[in-house]
Every structure is written in C-alpha cells, then in structure tokens.
>>> print(open('input_17.cif').read())   # mmCIF, C-alpha atoms
data_input
loop_
_atom_site.label_atom_id
_atom_site.label_comp_id
_atom_site.auth_asym_id
_atom_site.auth_seq_id
_atom_site.Cartn_x
_atom_site.Cartn_y
_atom_site.Cartn_z
CA MET J 275 31.50 -7.51 -20.22
CA ALA J 276 30.98 -7.99 -16.50
CA GLU J 277 29.09 -11.06 -15.34
CA CYS J 278 25.39 -10.41 -14.66
CA ASN J 279 24.46 -10.46 -10.96
CA HIS J 280 20.72 -10.40 -11.75
CA ASP J 281 20.23 -7.17 -9.80
CA CYS J 282 18.73 -4.87 -12.44
CA SER J 283 18.42 -1.99 -9.95
CA SER J 284 22.19 -1.45 -9.99
CA CYS J 285 22.78 -2.20 -13.65
CA SER J 286 22.95 0.18 -16.61
CA ALA J 287 22.99 -2.51 -19.30
CA LYS J 288 20.13 -2.51 -21.82
CA CYS J 289 19.67 -6.27 -22.06
CA GLU J 290 16.54 -7.99 -23.38
CA SER J 291 16.03 -9.93 -20.15
CA ARG J 292 15.97 -6.78 -18.01
CA SER J 293 12.31 -7.15 -17.05
CA LEU J 294 11.85 -9.20 -13.87
CA LEU J 295 8.06 -8.89 -13.85
CA GLU J 296 6.27 -11.92 -12.49
CA PRO J 297 3.35 -13.14 -14.62
CA GLN J 298 -0.17 -12.85 -13.26
CA ASN J 299 -2.09 -15.98 -12.44
CA LYS J 300 -3.80 -17.22 -15.59
CA ALA J 301 -7.19 -16.61 -13.94
CA SER J 302 -6.35 -13.01 -12.96
CA ASN J 303 -6.77 -9.70 -14.75
CA VAL J 304 -5.42 -6.95 -12.51
CA LYS J 305 -5.49 -3.68 -14.43
CA LYS J 306 -3.76 -1.14 -12.16
CA VAL J 307 -1.35 -1.89 -9.31
CA ILE J 308 -0.50 0.88 -6.84
CA GLY J 309 2.15 0.54 -4.14
CA VAL J 310 1.64 2.25 -0.77
CA VAL J 311 5.08 2.94 0.68
CA SER J 312 6.94 4.84 3.36
CA GLY J 313 10.53 5.43 4.34
CA LYS J 314 9.85 4.52 7.99
CA GLY J 315 7.43 2.43 9.99
CA GLY J 316 4.41 3.51 12.00
CA VAL J 317 3.13 6.23 9.69
CA GLY J 318 -0.10 4.49 8.68
CA LYS J 319 0.51 2.70 5.37
CA SER J 320 -1.95 -0.05 6.19
CA LEU J 321 -4.60 2.49 7.16
CA VAL J 322 -4.12 4.43 3.92
CA THR J 323 -4.14 1.20 1.89
CA SER J 324 -7.39 0.07 3.52
CA MET J 325 -9.09 3.46 3.12
CA LEU J 326 -8.06 3.72 -0.52
CA ALA J 327 -9.45 0.28 -1.30
CA VAL J 328 -12.71 1.17 0.45
CA THR J 329 -12.99 4.57 -1.29
CA MET J 330 -12.33 3.21 -4.79
CA ASN J 331 -14.69 0.31 -4.12
CA ARG J 332 -17.45 2.80 -3.25
CA ARG J 333 -16.86 4.49 -6.60
CA GLY J 334 -17.78 1.28 -8.35
CA PHE J 335 -14.31 -0.11 -9.02
CA LYS J 336 -13.34 -3.69 -8.21
CA THR J 337 -10.53 -3.35 -5.67
CA ALA J 338 -8.06 -5.68 -4.01
CA ILE J 339 -5.29 -5.51 -1.40
CA LEU J 340 -2.04 -7.46 -1.54
CA ASP J 341 -0.51 -7.28 1.93
CA ALA J 342 3.24 -7.34 1.24
CA ASP J 343 4.10 -6.42 4.84
CA ILE J 344 4.77 -10.08 5.57
CA THR J 345 6.28 -9.67 9.04
CA GLY J 346 3.70 -7.11 10.19
CA PRO J 347 0.42 -7.90 8.40
CA SER J 348 -2.40 -5.77 9.81
CA ILE J 349 -4.80 -5.51 6.86
CA PRO J 350 -7.00 -8.50 7.87
CA LYS J 351 -7.58 -6.96 11.31
CA SER J 352 -9.04 -3.77 9.81
CA PHE J 353 -11.55 -5.75 7.74
CA GLY J 354 -12.42 -8.40 10.32
CA LEU J 355 -10.88 -11.22 8.24
CA LYS J 356 -9.45 -14.33 9.85
CA SER J 357 -7.37 -17.37 8.99
CA GLY J 358 -9.21 -20.00 6.98
CA GLU J 359 -10.91 -17.62 4.55
CA VAL J 360 -8.32 -18.28 1.82
CA MET J 361 -9.11 -21.39 -0.20
CA GLY J 362 -7.07 -23.48 -2.63
CA THR J 363 -8.28 -24.41 -6.13
CA GLU J 364 -6.75 -25.99 -9.23
CA ASP J 365 -5.89 -22.52 -10.53
CA GLY J 366 -4.36 -21.28 -7.26
CA MET J 367 -5.38 -19.67 -3.97
CA THR J 368 -8.54 -17.60 -3.82
CA PRO J 369 -8.24 -14.43 -1.69
CA ALA J 370 -10.46 -13.60 1.25
CA VAL J 371 -13.31 -11.23 0.45
CA THR J 372 -14.52 -8.43 2.74
CA LYS J 373 -18.17 -7.60 3.42
CA THR J 374 -18.25 -5.07 0.56
CA GLY J 375 -16.39 -7.26 -1.93
CA ILE J 376 -12.74 -6.18 -1.55
CA GLU J 377 -10.32 -9.05 -2.17
CA VAL J 378 -7.48 -9.46 0.34
CA MET J 379 -4.41 -11.69 0.51
CA SER J 380 -2.24 -11.54 3.61
CA LEU J 381 0.00 -13.94 5.48
CA ASN J 382 -2.22 -13.62 8.56
CA LEU J 383 -4.95 -15.33 6.55
CA LEU J 384 -2.75 -18.40 6.18
CA VAL J 385 -1.39 -18.91 9.71
CA ASP J 386 -3.07 -20.64 12.65
CA GLU J 387 -2.30 -17.87 15.15
CA GLU J 388 -2.38 -14.23 14.02
CA THR J 389 0.07 -13.21 16.76
CA LYS J 390 2.67 -15.84 15.83
CA PRO J 391 5.84 -14.06 14.64
CA VAL J 392 7.16 -14.59 11.13
CA VAL J 393 10.87 -15.34 11.55
CA TRP J 394 11.95 -15.64 7.94
CA ARG J 395 14.96 -14.54 5.92
CA GLY J 396 14.55 -11.82 3.29
CA PRO J 397 14.53 -14.13 0.22
CA VAL J 398 11.73 -16.25 1.70
CA ILE J 399 9.65 -13.16 2.45
CA ALA J 400 10.26 -11.80 -1.05
CA GLY J 401 9.27 -15.15 -2.54
CA THR J 402 6.01 -15.08 -0.61
CA VAL J 403 5.14 -11.67 -2.05
CA LYS J 404 5.70 -13.02 -5.56
CA GLN J 405 3.43 -15.97 -4.78
CA PHE J 406 0.70 -13.61 -3.59
CA TRP J 407 0.82 -12.04 -7.04
CA SER J 408 1.29 -15.03 -9.34
CA GLU J 409 -0.38 -17.88 -7.45
CA VAL J 410 -3.55 -16.11 -6.27
CA VAL J 411 -6.71 -16.12 -8.37
CA TRP J 412 -7.53 -12.41 -8.22
CA GLY J 413 -10.00 -12.47 -11.09
CA GLU J 414 -11.07 -9.11 -12.53
CA VAL J 415 -9.56 -6.23 -10.52
CA ASP J 416 -9.57 -2.55 -11.48
CA PHE J 417 -7.23 -1.35 -8.72
CA MET J 418 -4.91 -3.41 -6.54
CA PHE J 419 -3.24 -1.66 -3.61
CA VAL J 420 -0.03 -3.18 -2.28
CA ASP J 421 0.69 -2.50 1.39
CA MET J 422 4.48 -2.55 1.57
CA PRO J 423 6.82 -2.77 4.56
CA PRO J 424 8.76 0.41 5.35
CA GLY J 425 12.14 1.24 3.93
CA THR J 426 13.99 0.27 0.78
CA GLY J 427 14.95 -3.33 1.52
CA ASP J 428 14.25 -6.73 -0.02
CA VAL J 429 10.45 -6.64 -0.14
CA PRO J 430 9.98 -3.12 -1.55
CA LEU J 431 12.65 -3.95 -4.14
CA THR J 432 10.85 -7.20 -5.00
CA VAL J 433 7.53 -5.39 -5.43
CA PHE J 434 9.11 -2.66 -7.57
CA GLN J 435 10.78 -5.23 -9.83
CA SER J 436 8.21 -8.03 -9.89
CA LEU J 437 4.82 -6.30 -10.01
CA PRO J 438 3.63 -3.98 -12.83
CA LEU J 439 3.28 -0.88 -10.65
CA ALA J 440 1.34 1.96 -12.24
CA GLY J 441 2.65 4.22 -9.48
CA ILE J 442 3.28 4.57 -5.75
CA ILE J 443 1.76 6.64 -2.97
CA ILE J 444 4.13 7.76 -0.22
CA VAL J 445 2.70 7.95 3.32
CA THR J 446 4.41 10.28 5.76
CA SER J 447 3.90 12.30 8.96
CA PRO J 448 4.45 15.97 9.92
CA GLN J 449 7.82 15.74 11.71
CA GLU J 450 10.89 17.56 10.46
CA LEU J 451 12.52 14.23 9.68
CA VAL J 452 9.91 13.66 7.01
CA SER J 453 11.60 15.44 4.11
CA MET J 454 14.63 13.18 4.31
CA ILE J 455 12.53 10.01 4.61
CA VAL J 456 10.27 11.02 1.73
CA GLU J 457 13.29 11.81 -0.42
CA LYS J 458 14.59 8.26 0.10
CA ALA J 459 11.29 6.82 -1.13
CA VAL J 460 11.14 9.22 -4.08
CA ASN J 461 14.72 8.42 -5.06
CA MET J 462 14.01 4.69 -4.98
CA ALA J 463 10.97 5.16 -7.19
CA THR J 464 13.02 7.27 -9.60
CA LEU J 465 15.77 4.63 -9.65
CA MET J 466 13.20 1.97 -10.52
CA ASP J 467 11.37 4.21 -13.01
CA ILE J 468 8.09 4.10 -11.06
CA PRO J 469 5.82 7.21 -11.03
CA VAL J 470 5.09 8.88 -7.68
CA LEU J 471 1.35 9.60 -7.64
CA GLY J 472 1.59 11.82 -4.56
CA LEU J 473 1.97 12.13 -0.80
CA VAL J 474 -0.42 11.34 2.04
CA GLU J 475 0.27 12.93 5.42
CA ASN J 476 -1.05 10.99 8.42
CA TYR J 477 -1.38 12.35 11.99
CA SER J 478 -1.72 15.77 10.40
CA TYR J 479 -4.02 17.31 13.01
CA ILE J 480 -6.67 16.74 15.67
CA LEU J 481 -10.10 18.31 15.38
CA CYS J 482 -11.42 19.38 18.80
CA PRO J 483 -14.79 17.65 19.33
CA ASP J 484 -16.10 20.57 21.40
CA CYS J 485 -15.10 23.72 19.51
CA GLY J 486 -13.89 22.38 16.16
CA LYS J 487 -10.45 23.97 16.55
CA VAL J 488 -7.66 22.38 14.53
CA ILE J 489 -4.80 21.25 16.80
CA ARG J 490 -1.47 20.20 15.29
CA PRO J 491 0.32 18.04 17.91
CA TYR J 492 3.39 17.56 15.71
CA GLY J 493 3.68 21.18 14.63
CA GLU J 494 2.82 22.86 11.38
CA SER J 495 2.55 20.61 8.35
CA ARG J 496 5.37 20.63 5.80
CA ILE J 497 3.59 18.38 3.31
CA GLU J 498 2.88 21.12 0.75
CA LYS J 499 6.51 22.21 0.68
CA CYS J 500 7.67 18.60 0.53
CA ALA J 501 5.36 17.86 -2.40
CA GLU J 502 6.55 20.98 -4.22
CA GLU J 503 10.19 19.98 -3.74
CA HIS J 504 9.50 16.63 -5.40
CA SER J 505 7.10 17.93 -8.06
CA THR J 506 4.20 15.80 -6.90
CA ASP J 507 0.72 16.19 -5.38
CA VAL J 508 -0.62 16.25 -1.84
CA LEU J 509 -3.26 13.52 -1.95
CA ALA J 510 -4.60 13.77 1.60
CA ALA J 511 -3.89 15.10 5.10
CA LEU J 512 -5.39 12.66 7.60
CA PRO J 513 -6.30 13.68 11.15
CA ILE J 514 -5.89 11.64 14.30
CA ASP J 515 -9.46 10.33 14.39
CA PRO J 516 -10.51 8.14 17.37
CA GLU J 517 -13.61 6.93 15.49
CA LEU J 518 -11.53 5.68 12.58
CA SER J 519 -9.09 3.94 14.93
CA SER J 520 -11.98 2.27 16.74
CA LEU J 521 -13.49 0.98 13.50
CA CYS J 522 -10.13 -0.51 12.47
CA ASP J 523 -9.76 -2.22 15.83
CA LYS J 524 -13.27 -3.67 15.49
CA GLY J 525 -12.59 -4.88 11.94
CA VAL J 526 -15.25 -2.70 10.34
CA ILE J 527 -13.27 0.00 8.53
CA GLU J 528 -15.76 -0.30 5.67
CA LEU J 529 -18.32 1.45 7.88
CA PHE J 530 -16.29 4.67 8.07
CA GLU J 531 -18.15 7.51 6.39
CA GLY J 532 -15.44 10.19 6.25
CA ASP J 533 -14.27 11.73 2.99
CA TYR J 534 -10.56 11.90 3.82
CA MET J 535 -9.45 9.97 0.72
CA GLU J 536 -11.73 11.55 -1.89
CA ARG J 537 -9.09 13.92 -3.29
CA CYS J 538 -6.64 11.03 -3.44
CA ALA J 539 -9.18 8.93 -5.36
CA ASP J 540 -9.83 11.84 -7.74
CA ILE J 541 -6.14 12.14 -8.57
CA ILE J 542 -5.72 8.39 -9.01
CA GLU J 543 -8.57 8.33 -11.50
CA LYS J 544 -7.21 11.39 -13.32
CA LYS J 545 -3.67 10.04 -13.60
CA LEU J 546 -4.34 6.36 -14.26
CA LEU J 547 -7.61 6.16 -16.19
#
>>> encode(input="input_17.cif", output="structure tokens")
Amino acid sequence: MAECNHDCSSCSAKCESRSLLEPQNKASNVKKVIGVVSGKGGVGKSLVTSMLAVTMNRRGFKTAILDADITGPSIPKSFGLKSGEVMGTEDGMTPAVTKTGIEVMSLNLLVDEETKPVVWRGPVIAGTVKQFWSEVVWGEVDFMFVDMPPGTGDVPLTVFQSLPLAGIIIVTSPQELVSMIVEKAVNMATLMDIPVLGLVENYSYILCPDCGKVIRPYGESRIEKCAEEHSTDVLAALPIDPELSSLCDKGVIELFEGDYMERCADIIEKKLL
C-alpha cells in the first residue's frame, strides 16, 4: 500500500480517517454552510455573499459570513465594519455584528490598517480559514456563507475539505470564457462530492434609467445554457446597479431594497431545508 500523503482529494482509498472536517467551536451551532465560489476573480463573489446574507436575514434566519478571501477581504467594507469589533473570550473570538445582526469574521477586522497587504504563504492562509471556523464563537447560525478566493488553490481546497459544506454557489459573468471557468468550479465540487446549488450571473445587464431598456454590455447571456449543461439552476442574474455599488462603498449594503436574490433564497430554502 502506498504511503498516505494526507491529500484526500487525490486519493481513492476508503480509509476511516478520510474526513478532514474541522470541529466547530464548542460554543457554535452552525446548521448550514454554503460556499460562494468562482473560477476567476472580479466577478462579484463578495457582493453575492453579502446580498445572500442580507436576504436570508430578512427572511428571519440567523446568518453569518466567514470571509475566506484572506488576501482580498472586502466583506467588512460593504457592512461598514472596522478593526477592533472582534473580541476575545475564554471560548474563542466573537465575530463582528452588523447593524441588522449578521455575524462577520474577516482578516480585515483583525489588522490595524485595512489596506495593509497580507503577504503570507498558502499554508498560513489556509490555517487562518480553519481558525475562523473552529476558534470563533458563532453561536446559533442557520446559514453561514463563505466568501472564497477565486480558483481551485489552497484556500478553496481547505474550505471544501475542512468545513461541512451543504453546497456551493458559483458566481460568473456573461463572457464567452465563462463556460470553461464554470466547468472548472463544477468539476472541483464534483471531485470533492459537494453539491452545486446553482449559478449566479453578475454584470448581466444595465437597465436604462430613462427608458427602462435592457442593455447587455457583455453580449447576450449564456447562463441558462451553462446551467443546463451542468444540470443546475440559474439562481440570479444581477445587473450593473450604481445604487448597489454606492451602498457597498458607503458600508450600508443592508439598506438595499432590491429583490435580486429572492429566487436564489427560494432555491436555497427548497434544497437545504
């Protein structure tokens, strides 16, 4: 028998120690964990993560965000959270809490300067993500959304192996390149035996403020075809919305009144509850 290299993702052995799941903090009870992923950067994972947490929170669920994008953490900015709002207790760190009660843990809540770069090796970053799960006192949480860095590297692999993911949501954009990028994310989820809950297309269109005409700056959407190819659902098609961008920049995304994520929330409830 070959010597174990502790990388279960490339192993076909059926050993008893195969599970690499990290235990929750003893003071936590997180019921459903959903990863928000993409094959490439800049498609709006953090935006989708934030909007999902806000939408599910409005439906009466206790929601939380684990910001696993360690080198590019933008979640605190959208909610107006700053360093110093995470506290330490005997049981572990307590997350920051937004104005409407959403719990958030992000590296930018632990550093003195939010613009200071994180120059860490992959194993250190992956270890930090595990700590955000096991050493944070999350308390009672119905839905936790994990904002992951793009691609299929160390951190996404760590999240897939270490956290009890109920499923992932893949965020994409309308360009032709999308089908290949989405397929990479789907294949990784399949490899790790994680369900794909569906696709969210960002930058899908612009709605003219004067005449209401739908303008598609990146061409016609291929999201329906892409979802059909991978036997999954289209969860949302998000427009380029200056109001939404402004609210994120001001740290008040919880004030947004749009219904862009309602279908996504419906499907999450249907599939996971």
>>> residues_around(input="input_17.cif", residues="stretch 345-349 of chain J", least_positions_apart="2", cutoff="9 Å", atoms="only C-alpha atoms", output="list in words")
Ser320, Leu321, Thr323, Ser324, Ile339, Asp341, Ala342, Asp343, Lys351, Ser352, Phe353, Gly354, Leu355, Val378, Met379, Ser380, Leu381, Asn382, Glu388, Pro391, Val392, Val393, Trp394, Ile399, Asp421 and Pro423 of chain J
>>> closest_residue(input="input_17.cif", among="J:Leu437, J:Ile527, J:Cys538, J:Met454", to="J:His504", atoms="all atoms listed in the file")
J:Met454
>>> resolve_selection(input="input_17.cif", expression="the PyMOL selection byres ((chain J and resi 475-484) around 9)", output="ChimeraX atom specification")
/J:317-319,322,444-448,473-474,485-495,497,508-515
>>> resolve_selection(input="input_17.cif", expression="the PyMOL selection byres ((chain J and resi 433) around 9)", output="NGL selection string")
:J and (309 or 342 or 400 or 403-404 or 420 or 422 or 428-432 or 434-439)
>>> atom_distance(input="input_17.cif", atom1="atom CA of J:Met325", atom2="atom CA of J:Lys300")
28.4 Å
>>> closest_residue(input="input_17.cif", among="J:Gly413, J:Gly366, J:Gly441, J:Cys500", to="J:Ile455", atoms="only C-alpha atoms")
J:Cys500
>>> closest_residue(input="input_17.cif", among="J:Val398, J:Leu326, J:Val310, J:Leu529", to="J:Pro424", atoms="all atoms listed in the file")
J:Val310
>>> resolve_selection(input="input_17.cif", expression="the PyMOL selection byres ((chain J and resi 417-419) around 6)", output="MDAnalysis selection string")
chainID J and resid 306:309 337:339 415:416 420
>>> atom_distance(input="input_17.cif", atom1="atom CA of J:Ser408", atom2="atom CA of J:Pro297")
6.0 Å
>>> residues_near_point(input="input_17.cif", point="(-8.9, -12.1, -11.7)", cutoff="6 Å", atoms="only C-alpha atoms", output="short mmCIF file (atom, residue, chain, number, x, y, z; two decimals) with C-alpha atoms, in the coordinates of the input")
data_model
loop_
_atom_site.label_atom_id
_atom_site.label_comp_id
_atom_site.auth_asym_id
_atom_site.auth_seq_id
_atom_site.Cartn_x
_atom_site.Cartn_y
_atom_site.Cartn_z
CA ALA J 301 -7.19 -16.61 -13.94
CA SER J 302 -6.35 -13.01 -12.96
CA ASN J 303 -6.77 -9.70 -14.75
CA VAL J 411 -6.71 -16.12 -8.37
CA TRP J 412 -7.53 -12.41 -8.22
CA GLY J 413 -10.00 -12.47 -11.09
CA GLU J 414 -11.07 -9.11 -12.53
#
>>> atom_distance(input="input_17.cif", atom1="atom CA of J:Arg395", atom2="atom CA of J:Ile442")
25.3 Å
>>> residues_around(input="input_17.cif", residues="J:Glu503", least_positions_apart="2", cutoff="12 Å", atoms="only C-alpha atoms", output="PyMOL selection string")
chain J and resi 453-454+456-457+460+472-473+496-501+505-508
>>> write_last_selection(input="input_17.cif", atoms="C-alpha atoms", output="mmCIF file, in the coordinates of the input")
data_model
loop_
_atom_site.group_PDB
_atom_site.id
_atom_site.type_symbol
_atom_site.label_atom_id
_atom_site.label_comp_id
_atom_site.auth_asym_id
_atom_site.auth_seq_id
_atom_site.Cartn_x
_atom_site.Cartn_y
_atom_site.Cartn_z
ATOM 1 C CA SER J 453 11.600 15.440 4.110
ATOM 2 C CA MET J 454 14.630 13.180 4.310
ATOM 3 C CA VAL J 456 10.270 11.020 1.730
ATOM 4 C CA GLU J 457 13.290 11.810 -0.420
ATOM 5 C CA VAL J 460 11.140 9.220 -4.080
ATOM 6 C CA GLY J 472 1.590 11.820 -4.560
ATOM 7 C CA LEU J 473 1.970 12.130 -0.800
ATOM 8 C CA ARG J 496 5.370 20.630 5.800
ATOM 9 C CA ILE J 497 3.590 18.380 3.310
ATOM 10 C CA GLU J 498 2.880 21.120 0.750
ATOM 11 C CA LYS J 499 6.510 22.210 0.680
ATOM 12 C CA CYS J 500 7.670 18.600 0.530
ATOM 13 C CA ALA J 501 5.360 17.860 -2.400
ATOM 14 C CA SER J 505 7.100 17.930 -8.060
ATOM 15 C CA THR J 506 4.200 15.800 -6.900
ATOM 16 C CA ASP J 507 0.720 16.190 -5.380
ATOM 17 C CA VAL J 508 -0.620 16.250 -1.840
#
>>> closest_residue(input="input_17.cif", among="J:Gly427, J:Ile344, J:Asp540, J:Glu364", to="J:Lys314", atoms="only C-alpha atoms")
J:Gly427
>>> closest_residue(input="input_17.cif", among="J:Thr402, J:Gly358, J:Met466, J:Gly375", to="J:Thr426", atoms="all atoms listed in the file")
J:Met466
>>> closest_residue(input="input_17.cif", among="J:Thr374, J:Gly396, J:Leu518, J:Thr389", to="J:Val328", atoms="all atoms listed in the file")
J:Thr374
>>> decode(input="input_17.cif", residues="stretch 435-517 of chain J", atoms="C-alpha atoms", output="short mmCIF file (atom, residue, chain, number, x, y, z; two decimals), in the first residue's frame")
data_model
loop_
_atom_site.label_atom_id
_atom_site.label_comp_id
_atom_site.auth_asym_id
_atom_site.auth_seq_id
_atom_site.Cartn_x
_atom_site.Cartn_y
_atom_site.Cartn_z
CA GLN J 435 -12.20 19.61 2.99
CA SER J 436 -12.44 21.31 6.39
CA LEU J 437 -15.92 22.84 6.53
CA PRO J 438 -19.20 20.86 6.34
CA LEU J 439 -20.43 22.47 3.12
CA ALA J 440 -24.08 21.85 2.33
CA GLY J 441 -23.41 23.15 -1.18
CA ILE J 442 -21.74 25.86 -3.25
CA ILE J 443 -22.98 28.73 -5.38
CA ILE J 444 -20.88 29.59 -8.43
CA VAL J 445 -20.66 33.28 -9.40
CA THR J 446 -19.87 34.08 -13.01
CA SER J 447 -20.19 36.76 -15.71
CA PRO J 448 -21.57 36.81 -19.28
CA GLN J 449 -18.34 36.49 -21.30
CA GLU J 450 -17.68 33.55 -23.60
CA LEU J 451 -14.86 32.43 -21.32
CA VAL J 452 -17.42 31.71 -18.63
CA SER J 453 -18.36 28.16 -19.62
CA MET J 454 -14.79 26.96 -19.21
CA ILE J 455 -14.33 28.75 -15.88
CA VAL J 456 -17.64 27.46 -14.52
CA GLU J 457 -16.76 23.94 -15.60
CA LYS J 458 -13.56 24.10 -13.53
CA ALA J 459 -15.54 25.05 -10.43
CA VAL J 460 -18.18 22.39 -11.09
CA ASN J 461 -15.53 19.73 -11.62
CA MET J 462 -13.83 20.65 -8.35
CA ALA J 463 -17.12 20.41 -6.49
CA THR J 464 -17.80 17.03 -8.11
CA LEU J 465 -14.32 15.82 -7.17
CA MET J 466 -14.94 16.83 -3.55
CA ASP J 467 -18.51 15.48 -3.54
CA ILE J 468 -20.05 18.90 -2.82
CA PRO J 469 -23.47 19.77 -4.33
CA VAL J 470 -23.70 22.74 -6.71
CA LEU J 471 -26.78 24.72 -5.68
CA GLY J 472 -26.73 26.86 -8.81
CA LEU J 473 -25.20 29.74 -10.76
CA VAL J 474 -25.36 33.49 -10.24
CA GLU J 475 -24.51 35.73 -13.19
CA ASN J 476 -23.17 39.17 -12.27
CA TYR J 477 -22.84 42.15 -14.68
CA SER J 478 -25.69 40.58 -16.63
CA TYR J 479 -27.24 43.81 -17.91
CA ILE J 480 -27.79 47.53 -17.39
CA LEU J 481 -31.28 48.96 -17.03
CA CYS J 482 -31.53 52.38 -18.70
CA PRO J 483 -32.73 54.87 -16.05
CA ASP J 484 -34.59 56.94 -18.66
CA CYS J 485 -36.43 54.43 -20.86
CA GLY J 486 -36.07 51.16 -18.95
CA LYS J 487 -34.38 49.42 -21.89
CA VAL J 488 -32.22 46.42 -21.01
CA ILE J 489 -28.65 46.88 -22.28
CA ARG J 490 -26.23 43.96 -22.28
CA PRO J 491 -22.68 45.43 -22.39
CA TYR J 492 -21.04 41.99 -22.45
CA GLY J 493 -23.36 40.49 -25.04
CA GLU J 494 -26.20 38.05 -24.69
CA SER J 495 -26.24 35.96 -21.54
CA ARG J 496 -25.21 32.31 -21.74
CA ILE J 497 -26.12 31.49 -18.15
CA GLU J 498 -29.21 29.41 -19.00
CA LYS J 499 -27.26 27.24 -21.43
CA CYS J 500 -24.38 26.94 -18.98
CA ALA J 501 -26.72 25.85 -16.19
CA GLU J 502 -28.39 23.31 -18.46
CA GLU J 503 -25.02 21.85 -19.45
CA HIS J 504 -24.19 21.26 -15.79
CA SER J 505 -27.69 20.20 -14.69
CA THR J 506 -28.07 23.01 -12.19
CA ASP J 507 -30.22 26.11 -11.60
CA VAL J 508 -29.86 29.77 -12.51
CA LEU J 509 -30.19 31.46 -9.12
CA ALA J 510 -29.94 35.10 -10.18
CA ALA J 511 -28.87 37.46 -12.98
CA LEU J 512 -27.58 40.65 -11.39
CA PRO J 513 -27.46 43.96 -13.25
CA ILE J 514 -24.78 46.61 -13.08
CA ASP J 515 -26.53 48.79 -10.50
CA PRO J 516 -24.87 52.10 -9.49
CA GLU J 517 -27.10 52.38 -6.41
#
